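File shown: start36.cif. Contents: mmCIF, C-alpha atoms.
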```
data_query
loop_
_atom_site.label_atom_id
_atom_site.label_comp_id
_atom_site.auth_asym_id
_atom_site.auth_seq_id
_atom_site.Cartn_x
_atom_site.Cartn_y
_atom_site.Cartn_z
CA MET H 1 -16.66 -2.97 -51.73
CA LEU H 2 -20.01 -4.60 -51.01
CA SER H 3 -21.97 -5.51 -54.15
CA GLU H 4 -25.06 -3.43 -54.88
CA LYS H 5 -27.41 -6.38 -54.37
CA SER H 6 -25.83 -7.39 -51.07
CA ALA H 7 -25.73 -3.79 -49.87
CA ALA H 8 -29.49 -3.50 -50.26
CA THR H 9 -30.03 -6.76 -48.38
CA VAL H 10 -27.63 -5.88 -45.58
CA ARG H 11 -29.23 -2.45 -45.19
CA ALA H 12 -32.69 -4.02 -44.94
CA THR H 13 -31.64 -6.71 -42.46
CA LEU H 14 -29.11 -4.77 -40.39
CA PRO H 15 -31.60 -3.84 -37.63
CA ALA H 16 -32.64 -7.48 -37.18
CA VAL H 17 -29.14 -8.93 -37.45
CA GLY H 18 -27.61 -6.15 -35.35
CA GLY H 19 -30.20 -6.63 -32.64
CA ALA H 20 -29.55 -10.37 -32.59
CA LEU H 21 -25.75 -10.13 -32.62
CA PRO H 22 -25.36 -10.62 -28.84
CA ALA H 23 -27.33 -13.88 -29.05
CA ILE H 24 -25.53 -14.87 -32.27
CA THR H 25 -22.06 -14.34 -30.82
CA GLU H 26 -22.99 -16.20 -27.62
CA ARG H 27 -24.17 -19.17 -29.69
CA PHE H 28 -21.13 -18.86 -31.96
CA TYR H 29 -18.65 -19.21 -29.10
CA ALA H 30 -20.60 -22.09 -27.59
CA ARG H 31 -20.46 -23.96 -30.91
CA LEU H 32 -16.81 -23.05 -31.54
CA PHE H 33 -15.57 -24.23 -28.17
CA ALA H 34 -17.65 -27.40 -28.27
CA ALA H 35 -16.00 -28.32 -31.58
CA HIS H 36 -12.54 -26.98 -30.68
CA PRO H 37 -12.06 -26.96 -26.88
CA GLU H 38 -8.34 -26.36 -27.39
CA LEU H 39 -9.12 -22.83 -28.57
CA LEU H 40 -10.63 -21.85 -25.21
CA ARG H 41 -7.83 -23.63 -23.36
CA ASP H 42 -4.89 -22.19 -25.30
CA LEU H 43 -5.99 -19.16 -27.36
CA PHE H 44 -9.06 -17.30 -26.13
CA ASN H 45 -9.02 -15.43 -22.83
CA ARG H 46 -11.11 -17.56 -20.47
CA GLY H 47 -11.76 -14.61 -18.17
CA ASN H 48 -13.13 -12.47 -20.99
CA GLN H 49 -15.29 -15.36 -22.15
CA ALA H 50 -16.71 -15.82 -18.66
CA ALA H 51 -17.45 -12.10 -18.35
CA GLY H 52 -18.97 -11.87 -21.84
CA VAL H 53 -16.77 -8.99 -22.98
CA GLN H 54 -15.30 -10.90 -25.93
CA ARG H 55 -18.82 -11.48 -27.27
CA GLN H 56 -19.54 -7.75 -26.98
CA ALA H 57 -16.34 -6.89 -28.84
CA LEU H 58 -17.03 -9.33 -31.67
CA ALA H 59 -20.62 -8.14 -32.08
CA GLY H 60 -19.46 -4.51 -32.06
CA SER H 61 -16.80 -5.07 -34.71
CA ILE H 62 -19.14 -6.93 -37.07
CA ALA H 63 -21.84 -4.28 -36.76
CA ALA H 64 -19.35 -1.43 -37.17
CA PHE H 65 -17.83 -3.03 -40.26
CA ALA H 66 -21.25 -3.57 -41.85
CA VAL H 67 -22.32 0.02 -41.16
CA HIS H 68 -19.05 1.29 -42.61
CA LEU H 69 -19.58 -0.71 -45.82
CA LEU H 70 -23.02 0.85 -46.21
CA ASP H 71 -22.17 4.43 -45.26
CA ARG H 72 -18.71 4.71 -46.86
CA PRO H 73 -18.58 2.02 -49.55
CA ASP H 74 -15.40 3.35 -51.14
CA GLU H 75 -13.39 3.43 -47.90
CA ARG H 76 -12.04 0.61 -45.77
CA PRO H 77 -12.14 1.07 -41.98
CA ASP H 78 -8.38 0.79 -41.70
CA VAL H 79 -8.07 1.90 -38.07
CA MET H 80 -10.46 -0.76 -36.80
CA LEU H 81 -9.03 -3.47 -39.05
CA SER H 82 -5.45 -2.57 -38.15
CA ARG H 83 -6.12 -2.84 -34.42
CA ILE H 84 -7.77 -6.25 -34.80
CA ALA H 85 -5.04 -7.50 -37.17
CA HIS H 86 -2.24 -6.52 -34.79
CA LYS H 87 -3.98 -8.40 -31.96
CA HIS H 88 -4.47 -11.44 -34.20
CA ALA H 89 -0.82 -11.37 -35.31
CA SER H 90 0.34 -11.27 -31.69
CA LEU H 91 -1.71 -14.42 -31.10
CA GLY H 92 -0.43 -16.22 -34.20
CA ILE H 93 -3.80 -16.35 -35.99
CA THR H 94 -3.65 -17.95 -39.46
CA ALA H 95 -5.84 -17.64 -42.55
CA GLU H 96 -7.20 -21.15 -42.08
CA GLN H 97 -8.79 -20.18 -38.78
CA TYR H 98 -11.12 -17.76 -40.56
CA ASP H 99 -12.75 -20.76 -42.25
CA VAL H 100 -13.43 -22.30 -38.83
CA VAL H 101 -14.92 -19.04 -37.55
CA HIS H 102 -17.07 -18.75 -40.68
CA GLU H 103 -18.49 -22.23 -40.23
CA HIS H 104 -19.63 -21.72 -36.66
CA LEU H 105 -20.64 -18.05 -36.98
CA PHE H 106 -23.02 -18.70 -39.86
CA ALA H 107 -24.42 -21.80 -38.18
CA ALA H 108 -25.12 -19.59 -35.15
CA ILE H 109 -26.83 -16.97 -37.34
CA VAL H 110 -29.16 -19.61 -38.75
CA GLU H 111 -29.88 -21.05 -35.29
CA VAL H 112 -30.79 -17.64 -33.85
CA LEU H 113 -32.65 -16.09 -36.80
CA GLY H 114 -34.16 -19.26 -38.26
CA GLU H 115 -36.27 -18.85 -41.38
CA ALA H 116 -35.41 -15.16 -41.65
CA VAL H 117 -32.05 -16.27 -43.06
CA THR H 118 -33.08 -16.74 -46.68
CA PRO H 119 -30.44 -17.70 -49.28
CA GLU H 120 -30.30 -14.03 -50.30
CA VAL H 121 -29.73 -12.87 -46.71
CA ALA H 122 -27.11 -15.55 -46.10
CA ALA H 123 -25.25 -14.59 -49.29
CA ALA H 124 -25.22 -10.89 -48.39
CA TRP H 125 -23.87 -11.41 -44.88
CA ASP H 126 -21.42 -14.00 -46.19
CA GLU H 127 -20.05 -11.24 -48.42
CA VAL H 128 -19.72 -8.92 -45.41
CA TYR H 129 -17.84 -11.60 -43.48
CA TRP H 130 -15.36 -12.38 -46.23
CA LEU H 131 -14.72 -8.72 -47.03
CA MET H 132 -13.72 -8.26 -43.40
CA ALA H 133 -11.89 -11.58 -43.09
CA ASN H 134 -9.87 -11.20 -46.28
CA ALA H 135 -8.89 -7.64 -45.38
CA LEU H 136 -7.64 -8.88 -42.00
CA ILE H 137 -5.81 -11.83 -43.57
CA ALA H 138 -3.99 -9.45 -45.94
CA ILE H 139 -2.97 -7.07 -43.14
CA GLU H 140 -1.84 -9.96 -40.93
CA ALA H 141 0.26 -11.39 -43.77
CA ARG H 142 2.07 -8.06 -44.05
CA LEU H 143 2.59 -7.93 -40.29
CA TYR H 144 4.13 -11.42 -40.26
CA ALA H 145 6.36 -10.55 -43.22
CA ALA H 146 7.54 -7.37 -41.49
CA GLN H 147 8.72 -9.47 -38.53
CA GLY H 148 10.34 -12.03 -40.84
CA VAL H 149 8.24 -14.92 -39.53
CA ALA H 150 5.95 -17.45 -41.17
CA ALA H 151 2.24 -16.84 -40.69
CA GLY H 152 1.38 -17.68 -37.09
CA ASP H 153 4.98 -18.52 -36.09
CA VAL H 154 5.44 -15.61 -33.71
CA TRP H 155 6.64 -17.36 -30.53
CA ARG H 156 10.14 -17.42 -28.99
CA GLU H 157 11.40 -18.47 -25.61
CA TRP H 158 12.63 -15.66 -23.34
CA THR H 159 14.40 -15.86 -19.97
CA VAL H 160 13.52 -13.65 -17.01
CA GLU H 161 16.71 -11.87 -16.00
CA GLY H 162 15.19 -9.25 -13.72
CA ARG H 163 12.07 -8.59 -11.68
CA THR H 164 11.13 -5.36 -9.86
CA GLU H 165 8.12 -4.89 -7.59
CA GLU H 166 6.77 -1.49 -8.61
CA THR H 167 3.72 -1.45 -6.31
CA ALA H 168 1.84 -4.01 -4.25
CA ASP H 169 0.09 -5.21 -7.42
CA VAL H 170 2.51 -4.29 -10.23
CA ALA H 171 5.79 -5.95 -11.20
CA THR H 172 8.22 -5.34 -14.06
CA PHE H 173 9.84 -8.36 -15.74
CA ARG H 174 13.02 -7.88 -17.80
CA LEU H 175 13.37 -10.54 -20.49
CA ARG H 176 16.19 -11.69 -22.78
CA PRO H 177 15.93 -14.13 -25.72
CA THR H 178 16.93 -17.56 -24.39
CA ASP H 179 18.69 -18.49 -27.63
CA GLY H 180 20.99 -15.46 -27.43
CA ALA H 181 19.76 -14.09 -30.76
CA PRO H 182 19.04 -10.36 -31.01
CA ALA H 183 15.73 -9.17 -29.64
CA PRO H 184 13.34 -8.09 -32.41
CA GLY H 185 12.89 -4.36 -32.89
CA PHE H 186 9.68 -2.59 -31.98
CA ARG H 187 8.13 0.87 -31.98
CA PRO H 188 7.33 2.74 -28.75
CA GLY H 189 3.78 1.89 -27.72
CA GLN H 190 3.71 -1.69 -28.99
CA TYR H 191 3.01 -4.83 -26.96
CA VAL H 192 3.87 -8.53 -26.90
CA SER H 193 1.76 -11.56 -26.10
CA VAL H 194 2.90 -13.80 -23.24
CA GLN H 195 1.81 -17.43 -23.12
CA ALA H 196 1.72 -18.90 -19.62
CA GLU H 197 1.21 -22.57 -18.79
CA LEU H 198 -1.22 -22.64 -15.87
CA PRO H 199 -1.58 -25.37 -13.22
CA ASP H 200 -4.53 -26.99 -15.05
CA GLY H 201 -2.44 -27.37 -18.22
CA ALA H 202 -4.04 -24.48 -20.12
CA ARG H 203 -1.67 -22.20 -22.02
CA GLN H 204 -3.40 -18.85 -21.70
CA ILE H 205 -2.21 -15.78 -23.61
CA ARG H 206 -2.27 -12.12 -22.57
CA GLN H 207 -0.86 -8.94 -24.11
CA TYR H 208 1.47 -6.61 -22.20
CA SER H 209 2.90 -3.31 -23.40
CA LEU H 210 6.66 -3.01 -23.68
CA SER H 211 7.39 -0.49 -20.95
CA ALA H 212 10.91 0.58 -21.94
CA ALA H 213 12.19 2.15 -25.14
CA PRO H 214 13.65 0.16 -28.05
CA GLY H 215 17.40 -0.24 -28.29
CA SER H 216 18.23 -2.52 -25.36
CA ALA H 217 19.14 -6.20 -25.62
CA THR H 218 16.37 -6.90 -23.11
CA ARG H 219 12.65 -6.19 -23.15
CA SER H 220 10.53 -5.06 -20.19
CA ILE H 221 6.88 -5.77 -19.50
CA THR H 222 5.11 -4.29 -16.50
CA VAL H 223 2.24 -6.47 -15.29
CA LYS H 224 -0.62 -5.49 -13.00
CA ARG H 225 -2.17 -8.29 -10.97
CA VAL H 226 -5.82 -8.22 -12.03
CA ARG H 227 -8.14 -8.64 -9.07
CA GLY H 228 -11.68 -9.64 -9.98
CA GLU H 229 -14.39 -7.07 -9.31
CA ASP H 230 -18.18 -7.28 -9.63
CA ARG H 231 -18.03 -11.11 -9.64
CA ALA H 232 -15.47 -11.16 -12.44
CA PRO H 233 -12.68 -13.71 -11.94
CA ASP H 234 -9.12 -12.75 -10.99
CA GLY H 235 -6.71 -12.46 -13.90
CA GLU H 236 -5.30 -15.95 -14.46
CA VAL H 237 -2.10 -14.98 -16.24
CA SER H 238 -1.30 -11.88 -14.20
CA HIS H 239 -1.69 -13.86 -10.95
CA HIS H 240 0.47 -16.65 -12.39
CA LEU H 241 3.24 -14.23 -13.34
CA HIS H 242 3.18 -12.50 -9.96
CA ALA H 243 3.02 -15.68 -7.89
CA ARG H 244 5.22 -18.10 -9.82
CA VAL H 245 7.62 -16.41 -12.26
CA ARG H 246 11.07 -15.64 -10.88
CA LEU H 247 14.61 -15.00 -12.14
CA GLY H 248 15.78 -17.65 -14.57
CA ASP H 249 12.30 -18.81 -15.49
CA ARG H 250 11.35 -18.99 -19.16
CA LEU H 251 8.32 -17.57 -20.95
CA ARG H 252 6.95 -17.92 -24.46
CA VAL H 253 6.69 -14.40 -25.87
CA SER H 254 5.43 -13.23 -29.25
CA ALA H 255 6.97 -10.80 -31.69
CA PRO H 256 5.94 -7.19 -30.93
CA TYR H 257 2.75 -5.79 -32.44
CA GLY H 258 0.27 -2.97 -31.86
CA ASP H 259 -0.83 0.07 -33.82
CA LEU H 260 -0.67 2.66 -31.02
CA VAL H 261 2.81 3.72 -32.09
CA LEU H 262 4.52 7.04 -31.57
CA ASP H 263 4.76 9.25 -34.65
CA ASP H 264 7.70 11.40 -33.61
CA SER H 265 7.32 13.91 -36.43
CA GLY H 266 8.14 16.92 -34.26
CA ALA H 267 4.53 17.85 -33.45
CA PRO H 268 3.44 18.70 -29.90
CA LEU H 269 2.41 15.54 -28.06
CA LEU H 270 0.01 14.65 -25.28
CA LEU H 271 0.46 11.29 -23.55
CA ALA H 272 -2.56 10.50 -21.36
CA SER H 273 -2.89 7.38 -19.25
CA ALA H 274 -4.68 5.94 -16.26
CA GLY H 275 -3.64 3.04 -14.05
CA ILE H 276 -1.45 0.47 -15.78
CA GLY H 277 -2.12 2.31 -19.05
CA CYS H 278 1.04 4.27 -18.26
CA THR H 279 3.22 1.44 -19.60
CA PRO H 280 3.22 2.31 -23.33
CA MET H 281 3.56 5.99 -22.39
CA LEU H 282 6.77 5.23 -20.48
CA ALA H 283 8.26 3.61 -23.58
CA MET H 284 7.26 6.65 -25.62
CA LEU H 285 8.73 9.07 -23.09
CA GLU H 286 12.01 7.17 -22.88
CA HIS H 287 12.26 7.16 -26.67
CA LEU H 288 11.53 10.89 -26.88
CA ALA H 289 14.14 11.68 -24.25
CA GLY H 290 16.75 9.60 -26.05
CA ALA H 291 15.88 11.12 -29.43
CA GLY H 292 16.17 14.70 -28.18
CA HIS H 293 12.55 15.61 -28.90
CA ARG H 294 12.16 19.39 -28.50
CA ALA H 295 8.48 20.07 -29.23
CA PRO H 296 6.07 20.44 -26.29
CA VAL H 297 5.03 17.23 -24.51
CA THR H 298 2.10 17.18 -22.10
CA VAL H 299 2.04 14.15 -19.78
CA VAL H 300 -1.28 13.32 -18.12
CA HIS H 301 -1.97 10.46 -15.72
CA GLY H 302 -4.78 9.49 -13.39
CA ASP H 303 -4.62 6.90 -10.61
CA ARG H 304 -6.18 5.90 -7.34
CA SER H 305 -3.27 7.14 -5.22
CA PRO H 306 0.47 7.85 -5.47
CA ALA H 307 1.13 4.39 -4.03
CA ASP H 308 -0.90 2.82 -6.85
CA HIS H 309 0.88 4.83 -9.55
CA ALA H 310 3.29 2.27 -11.02
CA LEU H 311 6.59 3.66 -12.35
CA ARG H 312 5.78 7.09 -10.97
CA GLU H 313 9.42 8.04 -10.49
CA ASP H 314 10.19 7.05 -14.08
CA HIS H 315 7.16 9.02 -15.25
CA GLU H 316 8.51 12.13 -13.56
CA ALA H 317 12.19 11.60 -14.42
CA LEU H 318 11.64 10.96 -18.11
CA THR H 319 9.35 13.99 -18.39
CA ALA H 320 12.03 16.10 -16.73
CA LYS H 321 14.59 15.03 -19.37
CA LEU H 322 12.59 16.71 -22.12
CA PRO H 323 13.25 20.44 -22.69
CA ASP H 324 9.59 21.43 -23.03
CA ALA H 325 7.45 18.99 -21.08
CA ALA H 326 5.16 19.03 -18.06
CA ALA H 327 3.57 16.19 -16.07
CA HIS H 328 0.08 16.46 -14.55
CA PHE H 329 -0.96 13.69 -12.16
CA TRP H 330 -4.47 13.28 -10.73
CA TYR H 331 -5.17 11.03 -7.75
CA GLU H 332 -8.54 10.03 -6.32
CA HIS H 333 -6.89 9.60 -2.91
CA PRO H 334 -3.90 11.97 -2.94
CA ALA H 335 -1.15 12.36 -0.37
CA PRO H 336 -1.21 15.43 1.88
CA GLY H 337 -0.14 18.55 0.02
CA HIS H 338 -1.21 17.34 -3.42
CA PRO H 339 -2.83 20.20 -5.39
CA ALA H 340 -6.58 20.36 -4.97
CA ASP H 341 -7.11 20.88 -8.70
CA ARG H 342 -5.31 17.60 -9.35
CA THR H 343 -7.54 15.59 -7.03
CA GLY H 344 -10.18 13.24 -8.41
CA LEU H 345 -10.60 12.33 -12.07
CA VAL H 346 -8.49 13.81 -14.86
CA ASP H 347 -9.74 17.27 -15.82
CA LEU H 348 -7.90 19.03 -18.64
CA SER H 349 -9.73 22.35 -18.29
CA SER H 350 -6.68 23.93 -16.64
CA VAL H 351 -4.11 22.25 -18.90
CA THR H 352 -2.87 24.09 -21.98
CA VAL H 353 -2.96 21.88 -25.05
CA PRO H 354 -0.83 23.41 -27.85
CA SER H 355 -2.25 23.76 -31.33
CA GLY H 356 -1.44 20.80 -33.58
CA THR H 357 -1.12 18.34 -30.67
CA ARG H 358 -1.13 14.61 -31.42
CA ALA H 359 -2.63 12.73 -28.48
CA TYR H 360 -2.10 9.14 -27.33
CA LEU H 361 -4.47 7.61 -24.78
CA CYS H 362 -4.30 4.37 -22.80
CA GLY H 363 -6.39 3.31 -19.84
CA PRO H 364 -9.90 2.19 -18.92
CA LEU H 365 -12.53 2.94 -21.54
CA PRO H 366 -14.45 5.55 -19.46
CA PHE H 367 -11.19 7.43 -18.89
CA MET H 368 -10.32 7.48 -22.59
CA ARG H 369 -13.82 8.56 -23.61
CA ALA H 370 -13.70 11.43 -21.11
CA VAL H 371 -10.22 12.59 -22.15
CA ARG H 372 -11.10 12.36 -25.85
CA THR H 373 -14.18 14.55 -25.27
CA GLN H 374 -12.07 17.12 -23.43
CA LEU H 375 -9.41 17.15 -26.15
CA LEU H 376 -11.97 17.64 -28.90
CA ALA H 377 -13.40 20.58 -26.91
CA GLN H 378 -9.90 22.10 -26.86
CA GLY H 379 -9.60 21.85 -30.63
CA VAL H 380 -7.53 18.67 -31.05
CA ALA H 381 -8.42 17.07 -34.38
CA THR H 382 -10.24 13.75 -34.26
CA ALA H 383 -7.62 12.19 -36.53
CA ASP H 384 -4.88 13.20 -34.06
CA ILE H 385 -6.33 11.28 -31.11
CA HIS H 386 -5.06 7.68 -30.91
CA TYR H 387 -5.88 5.09 -28.26
CA GLU H 388 -5.05 1.60 -27.00
CA VAL H 389 -7.52 -0.67 -25.20
CA PHE H 390 -6.15 -3.38 -22.89
CA GLY H 391 -8.31 -6.43 -23.62
CA PRO H 392 -11.24 -6.63 -26.07
CA ASP H 393 -11.96 -3.32 -27.79
CA LEU H 394 -15.40 -2.39 -26.43
CA TRP H 395 -15.27 1.17 -27.80
CA LEU H 396 -16.93 -0.04 -31.02
CA ALA H 397 -19.44 -2.10 -29.06
CA HIS H 398 -20.79 1.05 -27.38
CA ASP H 399 -20.65 3.48 -30.31
#
```

Take the structure in this file and express it as structure tokens.
Amino acid sequence: MLSEKSAATVRATLPAVGGALPAITERFYARLFAAHPELLRDLFNRGNQAAGVQRQALAGSIAAFAVHLLDRPDERPDVMLSRIAHKHASLGITAEQYDVVHEHLFAAIVEVLGEAVTPEVAAAWDEVYWLMANALIAIEARLYAAQGVAAGDVWREWTVEGRTEETADVATFRLRPTDGAPAPGFRPGQYVSVQAELPDGARQIRQYSLSAAPGSATRSITVKRVRGEDRAPDGEVSHHLHARVRLGDRLRVSAPYGDLVLDDSGAPLLLASAGIGCTPMLAMLEHLAGAGHRAPVTVVHGDRSPADHALREDHEALTAKLPDAAAHFWYEHPAPGHPADRTGLVDLSSVTVPSGTRAYLCGPLPFMRAVRTQLLAQGVATADIHYEVFGPDLWLAHD
């Protein structure tokens, strides 16, 4: 809880600080990487840094946390904090790194805002930072303990024992622990981080959803080759995996994390995805089929074309294994004979959504915003709509 004195100061300065956050976060990352170039080389996503999306996500999370402290002082924003903590745990972030962030973030605040940062203002925003940081540190400690690892020690070596080309730009890699020890358990919907050593010596990290259900001795990740658009660079790690990783190669893979996890309580479910966002939904569907789930399941997917729809046959086959399930696929460029009302973007106006449905969304942010709006219009409770963002979470940055 923010102290009364700091709350008054934060409320008074929030417009100025909030408006300056883009400049503050830009200066913060410049300072951080100048002092610790290894962080950009081996921890932070260089593509996201070049595109500026990581700065947007950081600014959005700080502003959202501050607003939450002011508007709901007795509640902690657990959903936002949980999502960030799971991402941090998958990267092996430790408590000590929050001190480094604090140093350079507050130096950036002073550089950007100058004399406006009085001792009182600095103390108030320092309190905001440490409320957020300490909450994350506590959640991350519990996540590490749940996996039975020391803080930050999340990496194991895995061997590629299978590779399947799903589409021209999507491949599935089947992995087995190199040391022969059992694969760690996970919940349907979770992801792992993969650390790839690139030709320039950088060890870049990306997250990939586990695309098959728990229970096997192997783990599957399905990777889309990211092609740069609008002057954005191509995906470094996805291109490396597609071009260079073959059977018998070894990868450093983290323990599984992620808070978009299936709550198979027997309620009706809706699993909505677009593009490569289908991967966590496939793990959920496989789990439901194996568990004998009998409640209604509505499967929704949007893609550019049937040829671009990775794992389409699995999507259909797993849906068909459930006793009360239906799949609805929309394509912007469908094959001949595809229903006209399933052409273009996903439109749920003709899809029946049972009362009490719990919805899980994964895909590009505009897709998830549109589907969420449609579900709310059909009476799905806000608390029953869950989502996963691939990459920095920009939902908060635009709210």

Residues returned when the PyMOL selection byres ((chain H and resi 286) around 12) runs on this file, as a PyMOL selection string: chain H and resi 187-189+210-216+262+279-285+287-293+314-322

Could you expand the PyMOL selection byres ((chain H and resi 140) around 12) into the explicit residues it covers here, written as a VMD selection string? chain H and resid 81 to 95 133 to 139 141 to 147 149 to 154 257 to 258

Test item: residues at most 12 Å from H:Ala377, all atoms listed in the file, excluding those fewer than 4 positions along its chain, as a list in words: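 Listing them by chain and then by number gives Leu348, Ser349, Val353, Ala370, Val371, Arg372, Thr373, Ala381 and Thr382 of chain H.
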
In file coordinates, which residues lie within 12 Å of (15.6, -22.5, -17.2) using only C-alpha atoms, given as a ChimeraX atom specification? /H:157-161,177-179,245-251

Which of these residues is nearest to H:Thr357, using only C-alpha atoms: H:Gln378, H:Thr13, H:Gln56, H:Thr164?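 The closest residue to H:Thr357 is H:Gln378.
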
Any chance you could model N, CA and C atoms for stretch 275-288 of chain H and send them as a PDB file, in the coordinates of the input?
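Contents of result.pdb, as written:
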```pdb
ATOM      1  N   GLY H 275      -4.003   4.358 -14.558  1.00  0.00           N
ATOM      2  CA  GLY H 275      -3.640   3.040 -14.050  1.00  0.00           C
ATOM      3  C   GLY H 275      -2.466   2.454 -14.796  1.00  0.00           C
ATOM      4  N   ILE H 276      -2.548   1.159 -15.117  1.00  0.00           N
ATOM      5  CA  ILE H 276      -1.450   0.470 -15.780  1.00  0.00           C
ATOM      6  C   ILE H 276      -1.327   0.902 -17.241  1.00  0.00           C
ATOM      7  N   GLY H 277      -2.243   1.736 -17.710  1.00  0.00           N
ATOM      8  CA  GLY H 277      -2.120   2.310 -19.050  1.00  0.00           C
ATOM      9  C   GLY H 277      -0.917   3.196 -19.226  1.00  0.00           C
ATOM     10  N   CYS H 278      -0.187   3.457 -18.145  1.00  0.00           N
ATOM     11  CA  CYS H 278       1.040   4.270 -18.260  1.00  0.00           C
ATOM     12  C   CYS H 278       2.157   3.524 -18.983  1.00  0.00           C
ATOM     13  N   THR H 279       2.069   2.197 -19.107  1.00  0.00           N
ATOM     14  CA  THR H 279       3.220   1.440 -19.600  1.00  0.00           C
ATOM     15  C   THR H 279       3.638   1.811 -21.020  1.00  0.00           C
ATOM     16  N   PRO H 280       2.728   1.892 -22.013  1.00  0.00           N
ATOM     17  CA  PRO H 280       3.220   2.310 -23.330  1.00  0.00           C
ATOM     18  C   PRO H 280       3.701   3.748 -23.343  1.00  0.00           C
ATOM     19  N   MET H 281       3.135   4.591 -22.447  1.00  0.00           N
ATOM     20  CA  MET H 281       3.560   5.990 -22.390  1.00  0.00           C
ATOM     21  C   MET H 281       4.996   6.115 -21.876  1.00  0.00           C
ATOM     22  N   LEU H 282       5.385   5.207 -20.973  1.00  0.00           N
ATOM     23  CA  LEU H 282       6.770   5.230 -20.480  1.00  0.00           C
ATOM     24  C   LEU H 282       7.736   4.905 -21.603  1.00  0.00           C
ATOM     25  N   ALA H 283       7.399   3.928 -22.439  1.00  0.00           N
ATOM     26  CA  ALA H 283       8.260   3.610 -23.580  1.00  0.00           C
ATOM     27  C   ALA H 283       8.360   4.793 -24.525  1.00  0.00           C
ATOM     28  N   MET H 284       7.240   5.478 -24.750  1.00  0.00           N
ATOM     29  CA  MET H 284       7.260   6.650 -25.620  1.00  0.00           C
ATOM     30  C   MET H 284       8.119   7.759 -25.032  1.00  0.00           C
ATOM     31  N   LEU H 285       7.953   8.020 -23.733  1.00  0.00           N
ATOM     32  CA  LEU H 285       8.730   9.070 -23.090  1.00  0.00           C
ATOM     33  C   LEU H 285      10.230   8.776 -23.130  1.00  0.00           C
ATOM     34  N   GLU H 286      10.593   7.523 -22.859  1.00  0.00           N
ATOM     35  CA  GLU H 286      12.010   7.170 -22.880  1.00  0.00           C
ATOM     36  C   GLU H 286      12.590   7.346 -24.290  1.00  0.00           C
ATOM     37  N   HIS H 287      11.811   6.973 -25.291  1.00  0.00           N
ATOM     38  CA  HIS H 287      12.260   7.160 -26.670  1.00  0.00           C
ATOM     39  C   HIS H 287      12.422   8.645 -26.991  1.00  0.00           C
ATOM     40  N   LEU H 288      11.455   9.454 -26.600  1.00  0.00           N
ATOM     41  CA  LEU H 288      11.530  10.890 -26.880  1.00  0.00           C
ATOM     42  C   LEU H 288      12.737  11.522 -26.203  1.00  0.00           C
TER      43      LEU H 288
END
```
